Structure formats: C-alpha cells, structure tokens
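Peer 1: Can you read through this structure? Questions will come right after.
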Amino acid sequence: MLKATGVAAGVIGMGTALQGPTATAATAADGAFAHPGLLHTRADLDRMAAKVKAGAEPYTAGYAKLTANRHAQSGWKANPQAIVYRGSGSPQNYSILYNDIHAAYQNALRAHVSGDSAHADTAVAILNAWSAELTSVQGSADRFLAAGLYGYQFANAAELVRDHPGFELARFQKMLREVFLPLGDDFLKNHNNAVVTNYWTNWDLTAMACVLAVGIFCDDRAAVERAVAYFKHGEGLGSVKNAIPVVREDGLAEWLEAGRDQGHALLGVGLMGTFCEMAWNQGIDLYGHDDNRFLKGAQYVAKWCLGEEVPYTANTRKKGAIGGWSGTETATEAAAVDPAMTRPIWAMIANHYTKRRGLDASYVTRIAAKSAPEGGGGDYGPNSGGYDQLGYGTLTFTRDRASRGTSSPPTPTASASGAQPTRPGPPSPTPTPTPDGGLAATGTGDTAGWIAATGITALAGGLLLLRRRGRTGGGA
C-alpha cells in the first residue's frame, strides 16, 4: 500500500489479495435487499418519469439522448451465445454481449420513464435469451474484465425488470451466480496468479462491481460483505486507499492511474462511483468512507481532465507472476490529457456530493456540466471502451438538493448482515490492449504467454521497462 503522504512512495508490496471476514453461505432466507436497489431505486425511477413528463431540464435532454440511441429501440433482437470469449487466442465475440446488455438496460430504463411496456418486453426478451444460453465466459486474462464489466451491467439491466411478467428471475440469478460471480471472486482472491499489484486499479474495480451487483441482485449477503470489505481493506490496487494513495492538504487526493493514462483513470473513477452508488442504495455509505476519500480523488481527476496542472507523487509497483518473472514499474508524473475526452461518469458523482450531501465539488461539477447530457453505450464510439459504463447520468442521477446538508443512505428493506449502513459524519473541508482498444485493456495474458502479452522490451537491474502506448486513451 502506498503511504498517504506528499512524499515519494515506496514499492507496493505483495500479499494476500482478500481481506475481511471469512465468507459464509447466504440465502434469501437471511432477508432480501432493497429492490430495485442497484444504480436506481424506485424513488429514482419515479423522479425521472415525473420530471420528463413535466418537461423539466436537464431530464428531457438526457431522455432525448436515450431515445435517440439505436440500442434503446423496442425492435432490438438478442443474439445470445453459449460461450463468450474476450482476449487474444480465442474467437472473440464479447461485443455481441455488451451490445445486447446495453440494449436491455436502455429499453428497461426507457420503459420506466415512458411507461411503454413494449420496451420492457424487449428488455425481458434479451435477458431471458441470454440466461437460457450462456454457460461460461472464457479467453485470456481479459475474461476477468468481461466477467466484471458485463456481470455488473447485466445485474443492473435485470434489476429494472425483475418483477416484470415473463422475466425468468431464478434462471437469471443462476446464470449470474455460476458464470460471472466465480470469476469476480477468483480475480480478487488470486489476481490470475499474479503479484497482487500487477494489475492496475480498474481490474479490481470491475471485479468488485460484479461481486457487489450480483450479491445484491441475488440477495447474497456474503458476496456483498466480500465486496465491501475489499473496497475498504483489499490489498489490490482497486481498494480505496490503494487507488487513491496520496491525500493532499489542498483537499485533492491523487488517483493512482493518472500516472498511467487518462482513459483508464476515467474508467476507474466511473467504476468506483458505480460501486459507491450501488452500496449507497442498500444503506452502505462508501462515498463518505475515510473522510470522503473518493470525492477527493474524483476532484483530482476532474481537475486534471479539465486541463489543469495536478501534482503526482512518484510510486513504484511490483509486477509479475507468482513463481515466475518479476519486476517493477515506476510512474513519476500525471499523464498528458485530452480535455475533449469524456465518459458518462460525472453526473452520478456530482449529484451525490453536491445534492445529497451538500458538499463542495467544484471540479466534478464543472466537468459534469461540460459532459452533459450524458449518453450511454453506443454514444461514445463503437469499441468496448464506449460500453464500460451504462451512462445516462444526466437523466438518471440529476436530483434536487436534499433538505439537509448531509443525508444518510436510504434504509433498505433488509440490511445486509455484517455490512451495516455507515452513517455519514459532518461534511469535510473542502496490460496489452484489447484488440479494439477498449479502456479496460489487459495488462498480462495467461502465465504461459506472460512476457509477450505485457509488451516487455527490456528487463535489466530488476526494473521492468514497458512500451508506453496510448497515454490519453486505451492501451496497456
């Protein structure tokens, strides 16, 4: 773990990846979570529908963005696959999956806002088709990214129609538990047989989002507890103190992947925000954890992406395979940025801190306004990076300011045992790329092809030298 100071940090050590209580089996008999209760609650969905019906901005602009997307049309037909592959050396077909997931999510969201049941029927048909067909996610190390990203997205799409007539809830839960959850858990525990710090922040965060979302959707308290414990204490680079290792006196906190490139840093912020929002809707406050550490990290990334100078404390991380090759890599400064690059991640974060909590989030607010109205999958290019977030935050997360300066997470219908709500305190002062260049690009392949997959050009004196590619976009 990097020290949270303003001086150069040392080498990040190796260790056991998973911290927290020993997992125990959970069943629905232990008490269900709040539903709908992933990214959107019933109150959220009712608010969107009322605001759009009333013609209120910016909701109408956000909704227009949704209805214009080709994925949000009720004529969408699913193309389910028995096996989904992501990564080199396999017949990659994962783009079929993420396009269908986004079509299901967008149609389900459109149904809630418009009341048009045809869109709900389309979403149900897509989700039922996949739960009847999909048996596994395979490929190189990128299979973990596929399981993480598409597992949390699948759960969110299904959460919007879980009570819709004809939706095969039990079968869908079985698919999530058997196809996606094991890969998410395995990555957080074993990191593909790599040194725990080998994989950058966004790898952990995809797995964390999957475990949390599937846990909530399937009423699996143990899974939720594992995900929350990892956020707080995990040794990998996705836990909050490793992802945001340096907190500065000016109220900003350095985001680790800013030393890598802009695209991956944006991905990480979006995933951590997604994780915090899903937990919040079950009464667990991770947004405010450790004196609003995530806010400080998001502020830092927003300022940097707006083209302003930010500090960066040099850090060195260990890389390599357990029992195989090893080395280190040092990041010394924040990468160059393209102020025009954006992802649909900021409305969610800005609205939480400024509207729910009444805190100052000036940089996040500025970049959220600049990015509005936020779109979704299909609005940010054809490659996988444009589908890493579900999006539409202008429509879904814009809210009125809470009557009190700080609000608590909603109380779910049944709290998670061992993952009790954390009530907020007073406000604080202020790998090789995927073939299509997606943001969640791989860092290593499987052990047999490790060296080739990581793009090593030299290994001397214990220092691992990597090709630097795509500093403002995707890339390893």
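Within each chain, counting starts at residue 1; across the structure tokens, chains are named A, B, ... in the order shown, with ligands numbered 1 upward in that order.
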May I have the residues within 12 Å of A:Val337 as a list in words, using only C-alpha atoms and disregarding those fewer than 4 positions away in the same chain?

Peer 2: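 These residues fall inside the cut-off: Ala258, Gly259, Arg260, Asp261, Gln262, Gly263, His264, Ala265, Leu266, Val301, Ala302, Lys303, Trp304, Cys305, Leu306, Gly307, Glu308, Glu309, Val310, Met341, Thr342, Gly470, Arg471, Thr472 and Gly473 of chain A.
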
Peer 1: So that I can check the surroundings of A:Leu149, please list as a PDB file with N, CA, C and O atoms, in the first residue's frame every protein, DNA and RNA residue that reaches within 8 Å of it, counting only C-alpha atoms and ignoring chain neighbours fewer than 3 positions away.

Peer 2:
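Generated output (out-v7.pdb):
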```
ATOM      1  N   LEU A 145     -12.036  -9.253 -17.048  1.00  0.00           N
ATOM      2  CA  LEU A 145     -12.646  -7.962 -17.361  1.00  0.00           C
ATOM      3  C   LEU A 145     -14.068  -8.161 -17.880  1.00  0.00           C
ATOM      4  O   LEU A 145     -14.982  -7.423 -17.501  1.00  0.00           O
ATOM      5  N   ALA A 146     -14.235  -9.151 -18.766  1.00  0.00           N
ATOM      6  CA  ALA A 146     -15.562  -9.409 -19.313  1.00  0.00           C
ATOM      7  C   ALA A 146     -16.543  -9.781 -18.205  1.00  0.00           C
ATOM      8  O   ALA A 146     -17.663  -9.258 -18.148  1.00  0.00           O
ATOM      9  N   TYR A 152     -21.707  -6.817 -13.738  1.00  0.00           N
ATOM     10  CA  TYR A 152     -22.400  -5.740 -13.019  1.00  0.00           C
ATOM     11  C   TYR A 152     -23.443  -5.081 -13.907  1.00  0.00           C
ATOM     12  O   TYR A 152     -24.516  -4.674 -13.431  1.00  0.00           O
ATOM     13  N   GLN A 153     -23.165  -4.993 -15.213  1.00  0.00           N
ATOM     14  CA  GLN A 153     -24.133  -4.371 -16.116  1.00  0.00           C
ATOM     15  C   GLN A 153     -25.357  -5.249 -16.316  1.00  0.00           C
ATOM     16  O   GLN A 153     -26.497  -4.750 -16.327  1.00  0.00           O
ATOM     17  N   THR A 206     -13.553  -3.630 -11.673  1.00  0.00           N
ATOM     18  CA  THR A 206     -14.562  -4.367 -12.450  1.00  0.00           C
ATOM     19  C   THR A 206     -15.040  -5.578 -11.671  1.00  0.00           C
ATOM     20  O   THR A 206     -16.249  -5.855 -11.610  1.00  0.00           O
ATOM     21  N   ALA A 207     -14.090  -6.312 -11.060  1.00  0.00           N
ATOM     22  CA  ALA A 207     -14.463  -7.498 -10.277  1.00  0.00           C
ATOM     23  C   ALA A 207     -15.282  -7.113  -9.055  1.00  0.00           C
ATOM     24  O   ALA A 207     -16.271  -7.781  -8.710  1.00  0.00           O
ATOM     25  N   ALA A 209     -17.232  -4.487  -8.663  1.00  0.00           N
ATOM     26  CA  ALA A 209     -18.574  -4.080  -9.082  1.00  0.00           C
ATOM     27  C   ALA A 209     -19.431  -5.296  -9.393  1.00  0.00           C
ATOM     28  O   ALA A 209     -20.628  -5.331  -9.072  1.00  0.00           O
ATOM     29  N   CYS A 210     -18.822  -6.308 -10.022  1.00  0.00           N
ATOM     30  CA  CYS A 210     -19.556  -7.529 -10.335  1.00  0.00           C
ATOM     31  C   CYS A 210     -20.003  -8.241  -9.061  1.00  0.00           C
ATOM     32  O   CYS A 210     -21.180  -8.607  -8.926  1.00  0.00           O
ATOM     33  N   ASP A 388     -18.197   0.637 -21.293  1.00  0.00           N
ATOM     34  CA  ASP A 388     -17.758   0.249 -19.950  1.00  0.00           C
ATOM     35  C   ASP A 388     -18.652   0.795 -18.852  1.00  0.00           C
ATOM     36  O   ASP A 388     -18.663   0.274 -17.744  1.00  0.00           O
TER      37      ASP A 388
END
```

Peer 1: Which residues of stretch 166-250 of chain A come within 8 Å of stretch 38-44 of chain A, and for each one, what is the closest pair of atoms and their distance in Å to one decimal, counting only C-alpha atoms, sorted by chain and residue number, as a tab-separated table?

Peer 2:
```
residue	atom	partner	partner_atom	distance
A:Ala213	CA	A:Leu38	CA	6.7
A:Ile216	CA	A:Leu38	CA	7.3
A:Phe217	CA	A:Leu38	CA	7.7
```

Peer 1: List every residue of stretch 171-401 of chain A that DSSP, applied to the backbone, labels as strand (DSSP E or B), and write the result as a ChimeraX atom specification.

Peer 2: /A:194,246-247,253-254,315-321,326-331,376,391

Peer 1: Take the residues from that selection and write them out as a tab-separated table (two decimals), in the first residue's frame, keeping N, CA, C and O atoms.

Peer 2:
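Writing done, so here's out.tsv:
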```tsv
chain	number	residue	atom	x	y	z
A	194	ALA	N	-1.04	-13.71	-10.36
A	194	ALA	CA	-0.05	-12.63	-10.49
A	194	ALA	C	0.24	-12.01	-9.13
A	194	ALA	O	-0.51	-12.19	-8.17
A	246	VAL	N	-2.57	9.04	-2.15
A	246	VAL	CA	-2.00	10.26	-1.57
A	246	VAL	C	-3.08	11.31	-1.39
A	246	VAL	O	-3.68	11.77	-2.37
A	247	VAL	N	-3.37	11.68	-0.15
A	247	VAL	CA	-4.32	12.75	0.15
A	247	VAL	C	-3.52	14.00	0.49
A	247	VAL	O	-2.65	13.98	1.36
A	253	ALA	N	-6.90	14.38	-3.76
A	253	ALA	CA	-6.21	13.13	-3.49
A	253	ALA	C	-5.81	12.50	-4.83
A	253	ALA	O	-6.64	12.40	-5.74
A	254	GLU	N	-4.58	12.10	-4.93
A	254	GLU	CA	-4.03	11.64	-6.21
A	254	GLU	C	-4.58	10.27	-6.61
A	254	GLU	O	-4.59	9.34	-5.82
A	315	ASN	N	5.45	6.67	-7.69
A	315	ASN	CA	5.24	5.41	-6.99
A	315	ASN	C	5.75	4.26	-7.84
A	315	ASN	O	5.80	4.34	-9.06
A	316	THR	N	6.12	3.20	-7.18
A	316	THR	CA	6.63	2.00	-7.85
A	316	THR	C	5.78	0.82	-7.42
A	316	THR	O	5.52	0.65	-6.24
A	317	ARG	N	5.35	0.03	-8.38
A	317	ARG	CA	4.55	-1.14	-8.07
A	317	ARG	C	5.26	-2.39	-8.57
A	317	ARG	O	5.94	-2.38	-9.60
A	318	LYS	N	5.10	-3.47	-7.83
A	318	LYS	CA	5.65	-4.76	-8.23
A	318	LYS	C	4.74	-5.40	-9.27
A	318	LYS	O	3.53	-5.27	-9.22
A	319	LYS	N	5.38	-6.11	-10.20
A	319	LYS	CA	4.66	-6.79	-11.27
A	319	LYS	C	5.19	-8.20	-11.41
A	319	LYS	O	6.28	-8.50	-10.95
A	320	GLY	N	4.41	-9.05	-12.05
A	320	GLY	CA	4.91	-10.37	-12.37
A	320	GLY	C	3.98	-11.48	-11.97
A	320	GLY	O	2.90	-11.27	-11.43
A	321	ALA	N	4.42	-12.71	-12.25
A	321	ALA	CA	3.66	-13.91	-11.94
A	321	ALA	C	4.18	-14.54	-10.66
A	321	ALA	O	5.37	-14.50	-10.38
A	326	SER	N	9.47	-11.45	-12.46
A	326	SER	CA	9.03	-10.33	-11.64
A	326	SER	C	9.81	-9.09	-12.01
A	326	SER	O	10.87	-9.15	-12.63
A	327	GLY	N	9.29	-7.97	-11.65
A	327	GLY	CA	9.93	-6.69	-11.92
A	327	GLY	C	9.17	-5.58	-11.25
A	327	GLY	O	8.27	-5.82	-10.44
A	328	THR	N	9.50	-4.36	-11.58
A	328	THR	CA	8.80	-3.21	-11.04
A	328	THR	C	8.56	-2.20	-12.15
A	328	THR	O	9.22	-2.22	-13.20
A	329	GLU	N	7.62	-1.32	-11.92
A	329	GLU	CA	7.34	-0.22	-12.84
A	329	GLU	C	7.07	1.03	-12.02
A	329	GLU	O	6.32	0.98	-11.04
A	330	THR	N	7.65	2.12	-12.40
A	330	THR	CA	7.50	3.38	-11.67
A	330	THR	C	6.77	4.41	-12.52
A	330	THR	O	7.11	4.62	-13.69
A	331	ALA	N	5.74	5.02	-11.94
A	331	ALA	CA	5.06	6.15	-12.57
A	331	ALA	C	5.52	7.41	-11.84
A	331	ALA	O	5.52	7.46	-10.61
A	376	GLY	N	-24.96	6.93	-23.38
A	376	GLY	CA	-24.66	5.60	-22.88
A	376	GLY	C	-23.96	4.78	-23.92
A	376	GLY	O	-23.34	5.31	-24.85
A	391	GLY	N	-24.11	4.64	-18.24
A	391	GLY	CA	-24.34	6.01	-18.68
A	391	GLY	C	-25.71	6.58	-18.35
A	391	GLY	O	-26.41	6.12	-17.45
```

Peer 1: Show me, as a PyMOL selection string, the residues that have an atom within 6 Å of stretch 346-356 of chain A when counting only C-alpha atoms, minus same-chain residues fewer than 5 positions from it.

Peer 2: chain A and resi 364-365+368+393-394+397+401-402+407

Peer 1: Next, write the just-selected residues to a file, as an mmCIF file, in the first residue's frame, keeping all heavy atoms as the atom set.

Peer 2:
```cif
data_model
loop_
_atom_site.group_PDB
_atom_site.id
_atom_site.type_symbol
_atom_site.label_atom_id
_atom_site.label_comp_id
_atom_site.auth_asym_id
_atom_site.auth_seq_id
_atom_site.Cartn_x
_atom_site.Cartn_y
_atom_site.Cartn_z
ATOM 1 N N VAL A 364 -15.599 18.528 -10.089
ATOM 2 C CA VAL A 364 -16.524 17.498 -10.548
ATOM 3 C C VAL A 364 -17.778 18.142 -11.137
ATOM 4 O O VAL A 364 -18.292 17.698 -12.167
ATOM 5 C CB VAL A 364 -16.888 16.547 -9.383
ATOM 6 C CG1 VAL A 364 -18.063 15.646 -9.765
ATOM 7 C CG2 VAL A 364 -15.686 15.701 -8.992
ATOM 8 N N THR A 365 -18.266 19.195 -10.505
ATOM 9 C CA THR A 365 -19.448 19.886 -11.012
ATOM 10 C C THR A 365 -19.174 20.503 -12.376
ATOM 11 O O THR A 365 -20.011 20.421 -13.295
ATOM 12 C CB THR A 365 -19.891 20.976 -10.016
ATOM 13 O OG1 THR A 365 -20.171 20.372 -8.752
ATOM 14 C CG2 THR A 365 -21.128 21.696 -10.515
ATOM 15 N N ALA A 368 -18.942 17.743 -15.005
ATOM 16 C CA ALA A 368 -20.259 17.143 -15.234
ATOM 17 C C ALA A 368 -21.081 18.031 -16.167
ATOM 18 O O ALA A 368 -21.769 17.538 -17.075
ATOM 19 C CB ALA A 368 -20.990 16.936 -13.913
ATOM 20 N N GLY A 393 -26.361 9.480 -17.044
ATOM 21 C CA GLY A 393 -26.400 10.073 -15.718
ATOM 22 C C GLY A 393 -27.184 11.366 -15.629
ATOM 23 O O GLY A 393 -27.748 11.678 -14.573
ATOM 24 N N THR A 394 -27.220 12.154 -16.712
ATOM 25 C CA THR A 394 -27.994 13.400 -16.678
ATOM 26 C C THR A 394 -29.461 13.100 -16.412
ATOM 27 O O THR A 394 -30.126 13.799 -15.636
ATOM 28 C CB THR A 394 -27.834 14.160 -18.005
ATOM 29 O OG1 THR A 394 -26.437 14.376 -18.267
ATOM 30 C CG2 THR A 394 -28.556 15.502 -17.953
ATOM 31 N N PHE A 397 -29.388 10.534 -12.626
ATOM 32 C CA PHE A 397 -28.816 10.945 -11.345
ATOM 33 C C PHE A 397 -29.033 12.413 -10.994
ATOM 34 O O PHE A 397 -28.749 12.810 -9.865
ATOM 35 C CB PHE A 397 -27.315 10.630 -11.310
ATOM 36 C CG PHE A 397 -27.020 9.170 -11.434
ATOM 37 C CD1 PHE A 397 -26.344 8.666 -12.536
ATOM 38 C CD2 PHE A 397 -27.452 8.269 -10.464
ATOM 39 C CE1 PHE A 397 -26.082 7.312 -12.663
ATOM 40 C CE2 PHE A 397 -27.196 6.920 -10.570
ATOM 41 C CZ PHE A 397 -26.510 6.429 -11.679
ATOM 42 N N ARG A 401 -31.638 19.287 -4.514
ATOM 43 C CA ARG A 401 -30.806 19.286 -3.319
ATOM 44 C C ARG A 401 -31.590 18.772 -2.118
ATOM 45 O O ARG A 401 -32.755 19.106 -1.930
ATOM 46 C CB ARG A 401 -30.289 20.700 -3.026
ATOM 47 C CG ARG A 401 -29.285 20.769 -1.871
ATOM 48 C CD ARG A 401 -28.790 22.187 -1.658
ATOM 49 N NE ARG A 401 -28.032 22.656 -2.801
ATOM 50 C CZ ARG A 401 -26.726 22.431 -2.978
ATOM 51 N NH1 ARG A 401 -26.052 21.728 -2.082
ATOM 52 N NH2 ARG A 401 -26.101 22.903 -4.033
ATOM 53 N N ALA A 402 -30.939 17.954 -1.311
ATOM 54 C CA ALA A 402 -31.575 17.430 -0.110
ATOM 55 C C ALA A 402 -31.889 18.568 0.851
ATOM 56 O O ALA A 402 -31.197 19.587 0.872
ATOM 57 C CB ALA A 402 -30.670 16.407 0.564
ATOM 58 N N SER A 407 -27.199 13.879 3.974
ATOM 59 C CA SER A 407 -28.261 12.882 4.057
ATOM 60 C C SER A 407 -27.637 11.517 4.228
ATOM 61 O O SER A 407 -26.537 11.260 3.786
ATOM 62 C CB SER A 407 -29.134 12.914 2.798
ATOM 63 O OG SER A 407 -28.415 12.481 1.679
#
```

Peer 1: Can you tell me which residues surround A:Thr201 at a distance of at most 7 Å, considering only C-alpha atoms, apart from same-chain residues fewer than 5 positions away, and format the answer as a list in words?

Peer 2: Leu237, Gly238, Ala243, Glu257 and Gly268 of chain A

Peer 1: If you run DSSP on the backbone here, which positions in stretch 208-370 of chain A get helix (DSSP H, G or I)? Please write them as a PyMOL selection string.

Peer 2: chain A and resi 208-217+221-233+240-243+256-259+262-280+289-305+346-356+362-370

Peer 1: Between A:Pro58, A:Pro409, A:Pro382, A:Ala123, which is the closest to A:Pro165 once you count only C-alpha atoms?

Peer 2: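 Smallest separation from A:Pro165 among the options: A:Ala123.
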
Peer 1: Quick one: pull the distance between atom CA of A:Asn198 and atom CA of A:Ile322, Å, one decimal.

Peer 2: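 According to the coordinates, atom CA of A:Asn198 and atom CA of A:Ile322 are separated by 10.2 Å.
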
Peer 1: Restricting the calculation to only C-alpha atoms: of A:Leu395, A:Asp285, A:Lys51, A:Leu390, which residue gets closest to A:Arg357?

Peer 2: A:Asp285

Peer 1: Could you list, with a cut-off of 12 Å and counting only C-alpha atoms, the residues of stretch 25-118 of chain A near stretch 174-179 of chain A, each shown with its nearest atom pair and the distance in Å rounded to one decimal, rows sorted by chain and ascending number, as JSON lines?

Peer 2:
```
{"residue": "A:Ala82", "atom": "CA", "partner": "A:Val179", "partner_atom": "CA", "distance": 11.0}
{"residue": "A:Ile83", "atom": "CA", "partner": "A:Val179", "partner_atom": "CA", "distance": 9.9}
{"residue": "A:Val84", "atom": "CA", "partner": "A:Val179", "partner_atom": "CA", "distance": 10.3}
```

Peer 1: I'd like the contact shell of A:Val269 - 9 Å cut-off, only C-alpha atoms, skipping same-chain residues fewer than 6 positions apart - returned as a list in words.

Peer 2: Asn202, Trp255, Phe294, Gly297, Ala298, Val301, Ile345 and Trp346 of chain A

Peer 1: Select, from A:Lys296, A:Lys77, A:His71, A:His119, the residue with the minimum atom-to-atom distance to A:Ala103, counting only C-alpha atoms.

Peer 2: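 Looking only at the distances to A:Ala103, the closest residue turns out to be A:His71.
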
Peer 1: Could you jot down the atom CA of A:Ser140 to atom CA of A:Asn79 separation for me, Å, one decimal place?

Peer 2: 22.7 Å
